[in-house]
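**Q** Below you'll find the structure I mean.
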Amino acid sequence: MSTKNDNWLFEISAKRKLIELNFGEIWRYRDLLFLFVKRDIVTVYKQTVLGPLWFFIQPLFTSVIFTLIFNNIAAISTGIIPAFLFNLSGITAWNYFKVCLTGTSSTFKSNAGIFGKVYFPRFIVPLSKVISNLIKFGIQMLILIGFYCYYVFWGGYELSPDWHLLLLPLFVLLMAIYGLAIGMIISTLTTKYRDLSILLTFAIQLLMYLSAVPYPISQLKEKAPEYSWVVDYNPLAQLIEGFRYSLFATDNLYFNWSSLAVTSVAGIVLFLIGLALFNRTEKTFIDTV
Amino acid sequence: MSKAILKVEGISKQYRLGLVGTGSLVHDLNRFWHRIRGKEDPYLKLGAINDRSAKATEDYVWALQDINFDVQEGEVLGIIGKNGAGKSTLLKLLSRVTSPTTGVIKSKGRIASLLEVGTGFHPELTGRENIYLNGAILGMTKAEITDKIDEIIEFSGCEMYIDTPTKRYSSGMTVRLAFAVAAHLEPDILVIDEVLAVGDAEFQKKAIGKMQDISKGEGRTVLFVSHNMDSVLTLCTRAILLEHGSLSLEGATDVVVEEYLSRSSEKSQEDLTKRTDRIGTAAIKCTKIEMLSTATDRVIPEIVSGMGVVFRISLEVFDKTLIGEEINIGLTIRNRNGTFVTVLNNKMTNVKLYINEEKAYFDCRLDKAPFTLGEFRVDFNLQRVKTKEFFDRVETAFVFTVHDGDFYQSGTKNAFGRQGLYIDQNWILNE
């Protein structure tokens, strides 16, 4: 047999590499990626009255409620940062993580129809979710910036972001990686065990309270020091806090390079685990879904 | 010698039967435990062969077993076999939707198939947007689609509504638009599943014509899956026959088709009660189909066009609670090559049938048998009227031979030399 001399375009077999990300193939399908992103953005608010305004309403209202409950009633101090702005920044960042996670976690389940009929690199789907959500996140950042300017110029608050602002994209990237990684792990497990998708909806709600969204880490350490491990070992809490630090750069917030490094490495490891599971599942999930 | 563009080597595919429940977790853990000790997957050893009829004794079944074949560049290869022989599993493997349990498929070109009509259509997007989305899912680039978009829109016949969201389309329009996209794919290897009878009759003709154009002209490599032996014979140069998940024959199309047909004729010689290749709940089964002459009331093996005949269908009730149930009997008559000829069904004549005894027979009388010469095949269908579920379905349950006769009693031999039907006709001379 002279099969060795032949150059096959691709081979389909049961064997697989543990981690496989074929960038060439994803690049070939870039138009599909773009169209998926476009579909996600265009179709969400079709046939709604307020349309894209919904992108703003959800974080704004949540921030108002949070400010009322956590800052006015529970009297959590946010230092020199106005409470509303503090909440808005946390919610905007958390939302991005959340939609990345929920978007990717249903990859296999909600695309079973397409996946069952036609091949394209499956990774395109979670990737498109992360990108389309990034665009929505960008829109939400605009209101955050708007309120930021309002408080600085008209509110008389002395907020002075420094060069740490340059770290902002890194935190956004890390949130995307965490959302993608956990989402991929859940999506592979839900193909066989549907329980997880039920668990996810309330787990994510609870996780938010454990991840320093409605409070700064320093407040938790001050008021409940015996529970400080909740945020110390929670990379998401580190990310939210870091995101805020890069915006506000005050001593009230907790930031150091070593924890950023640990969070990044952990994120990449988690991503590789997610990818390995995803690769394993994408080949045969259609038999079990 | 031409070069192989696609090589299928030792492909097998195993499926787990039954529900995925707690048992599956145990199996998964067991499998995992074997793997970390470096042992073979314990469940790969078991598995029954793909014979739908046999009672499932194992939890696993081989849908395909050790399939080997090559496809040469520019060749049109027919894949034939009965329902459940593994054709669709093979297509799924070739289109990379799922991966084989063992074996390798090697390809030198992009494979796309026409079986994914309408995948990824989003109801909120307009027809035009959906063409782009669907095209991209099928592997086209944006530039390729832009080049062809006018052609696609014209082929679909949806020009007027192309900028309307597809949720406002009729189902027929959606299918036409979807097929139009798929038909304009230009992969190196095209997989066509002809079973995709879509749209209205006119569009179907257009679609099949397009498929034939694709397969005949352009020297494209095509894998063609069909039940219709006529189109396999006209389109394919070579064919493979699948039976119970194994490749049982490979060769020139006419040889393979001939073998397939005679094998299913042989099947019909078997005692119908012993046939196991049937689908349905089996609460009531067909035990015998016979043909009788109305003149003598005796069973006759062969008939002549124009004579009076009776199809006698004997049934047996296995679930006694069903005695007295209203049933619906359908006989689908096909020509030797599997092309549809006509249907006999009591529903069409508005006659209600009830099965009142454990063993009963039903007659369908044709005063003038309209069949032209040759061998005809009869597929049997038995349906419960109340729930529409099928009690019993048997492909090629009965075969009968027709000798051409004087259907019109005009005293001349009418033979038009092809298999079909005579219909009553009146010619009028207008002066």
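Labeling convention for the structure tokens: chains A, B, ... as they appear, residues from 1 per chain, ligands from 1 in order of appearance.
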Considering only C-alpha atoms, extract the chain A residues located within 7 Å of chain B and return them as a ChimeraX atom specification.

**A** /A:8-14,31-32,35,43,114-120,283-284,286

**Q** With C-alpha atoms retained, could you export that selection as a compact mmCIF listing (two decimals), in the first residue's frame?

**A**
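What ended up in selection-v4.txt:
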```
# COMPACT_ATOMS: atom_id res chain seq x y z
CA TRP A 8 -5.00 13.09 2.60
CA LEU A 9 -6.90 16.27 3.33
CA PHE A 10 -8.31 14.79 6.49
CA GLU A 11 -8.86 11.50 8.22
CA ILE A 12 -11.86 10.45 10.22
CA SER A 13 -11.12 7.85 12.84
CA ALA A 14 -11.86 6.84 16.36
CA ASP A 31 -17.21 33.55 7.61
CA LEU A 32 -19.37 31.13 9.54
CA LEU A 35 -22.38 35.00 10.59
CA THR A 43 -31.99 38.17 16.38
CA ILE A 114 -27.27 21.17 13.16
CA PHE A 115 -24.51 19.06 14.67
CA GLY A 116 -26.46 15.95 13.77
CA LYS A 117 -26.46 16.81 10.12
CA VAL A 118 -23.40 18.71 9.09
CA TYR A 119 -19.78 19.04 10.03
CA PHE A 120 -17.97 22.24 10.83
CA LYS A 283 -17.02 13.39 17.85
CA THR A 284 -19.68 11.12 19.25
CA ILE A 286 -24.72 12.86 18.55
```

**Q** How would you write, as a VMD selection string, the set of residues in region 10-132 of chain A that DSSP gives as strand (DSSP E)?

**A** chain A and resid 10 to 13

**Q** Take the selection from the previous step and output its residues with N, CA and C atoms, as a short mmCIF file (atom, residue, chain, number, x, y, z; two decimals), in the first residue's frame.

**A**
```
data_model
loop_
_atom_site.label_atom_id
_atom_site.label_comp_id
_atom_site.auth_asym_id
_atom_site.auth_seq_id
_atom_site.Cartn_x
_atom_site.Cartn_y
_atom_site.Cartn_z
N PHE A 10 -8.00 15.07 5.09
CA PHE A 10 -8.31 14.79 6.49
C PHE A 10 -8.62 13.32 6.67
N GLU A 11 -8.53 12.88 7.90
CA GLU A 11 -8.86 11.50 8.22
C GLU A 11 -9.92 11.50 9.30
N ILE A 12 -10.85 10.59 9.19
CA ILE A 12 -11.86 10.45 10.22
C ILE A 12 -11.59 9.12 10.90
N SER A 13 -11.34 9.13 12.17
CA SER A 13 -11.12 7.85 12.84
C SER A 13 -11.52 7.97 14.29
#
```

**Q** Residues within 8 Å of Ser187 (chain A), please, as a list of chain:residue names. Count only C-alpha atoms; anything in the same chain fewer than 5 positions from it doesn't count.

**A** A:Thr104, A:Ser105, A:Ser106, A:Thr107, A:Phe108, A:Lys109, A:Phe278

**Q** Running DSSP on the backbone, which parts of region 30-262 of chain A land in helix (DSSP H, G or I), as a PyMOL selection string?

**A** chain A and resi 30-44+51-73+83-105+107-110+112-115+124-154+163-192+195-210+217-223+225-227+229-232+235-248+257-262

**Q** CA of Ser110 (chain A) and CA of Leu196 (chain A), how far apart in Å?

**A**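 So the two atoms, CA of Leu196 (chain A) and CA of Ser110 (chain A), lie 14.5 Å apart.
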
**Q** Within 12 Å of Ala83 (chain A), counting only C-alpha atoms, which residues show up once you throw out same-chain ones fewer than 2 positions away? Write them as a PDB file with C-alpha atoms, in the first residue's frame, please.

**A**
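result02.pdb written:
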```pdb
ATOM      1  CA  SER A  63     -27.355  48.144  39.955  1.00  0.00           C
ATOM      2  CA  VAL A  64     -30.113  50.313  41.387  1.00  0.00           C
ATOM      3  CA  ILE A  65     -31.524  47.395  43.372  1.00  0.00           C
ATOM      4  CA  PHE A  66     -28.080  46.311  44.549  1.00  0.00           C
ATOM      5  CA  THR A  67     -27.295  49.841  45.703  1.00  0.00           C
ATOM      6  CA  LEU A  68     -30.557  49.977  47.594  1.00  0.00           C
ATOM      7  CA  ILE A  69     -30.115  46.627  49.317  1.00  0.00           C
ATOM      8  CA  PHE A  70     -26.420  46.196  49.865  1.00  0.00           C
ATOM      9  CA  ASN A  71     -25.268  49.750  50.313  1.00  0.00           C
ATOM     10  CA  ASN A  72     -28.260  51.576  51.749  1.00  0.00           C
ATOM     11  CA  ALA A  75     -24.497  49.436  54.632  1.00  0.00           C
ATOM     12  CA  ILE A  76     -21.602  47.819  52.805  1.00  0.00           C
ATOM     13  CA  SER A  77     -18.951  50.441  52.303  1.00  0.00           C
ATOM     14  CA  THR A  78     -17.520  50.922  48.862  1.00  0.00           C
ATOM     15  CA  GLY A  79     -14.839  53.423  49.892  1.00  0.00           C
ATOM     16  CA  ILE A  80     -14.396  56.451  47.714  1.00  0.00           C
ATOM     17  CA  ILE A  81     -16.242  54.829  44.841  1.00  0.00           C
ATOM     18  CA  LEU A  85     -20.890  52.947  40.043  1.00  0.00           C
ATOM     19  CA  PHE A  86     -19.296  50.207  42.122  1.00  0.00           C
ATOM     20  CA  ASN A  87     -22.271  47.926  41.536  1.00  0.00           C
ATOM     21  CA  LEU A  88     -22.606  48.826  37.867  1.00  0.00           C
ATOM     22  CA  SER A  89     -18.979  47.928  37.176  1.00  0.00           C
ATOM     23  CA  GLY A  90     -19.262  44.620  39.035  1.00  0.00           C
ATOM     24  CA  PHE A 147     -21.724  57.169  34.540  1.00  0.00           C
ATOM     25  CA  TYR A 148     -18.034  57.193  35.371  1.00  0.00           C
ATOM     26  CA  TYR A 151     -19.514  61.079  38.730  1.00  0.00           C
ATOM     27  CA  TYR A 157     -15.901  62.336  43.191  1.00  0.00           C
ATOM     28  CA  VAL A 213     -19.822  41.267  42.949  1.00  0.00           C
ATOM     29  CA  PRO A 214     -21.957  43.199  45.449  1.00  0.00           C
ATOM     30  CA  TYR A 215     -19.120  43.929  47.876  1.00  0.00           C
ATOM     31  CA  PRO A 216     -15.375  44.624  47.858  1.00  0.00           C
TER      32      PRO A 216
END
```

**Q** Determine, counting only C-alpha atoms, which protein, DNA and RNA residues have an atom within 6 Å of an atom of Gly274 (chain A); residues of the same chain fewer than 6 positions away are not included. Present the result as JSON, numbers by chain.

**A** {"A": [181, 184, 185]}
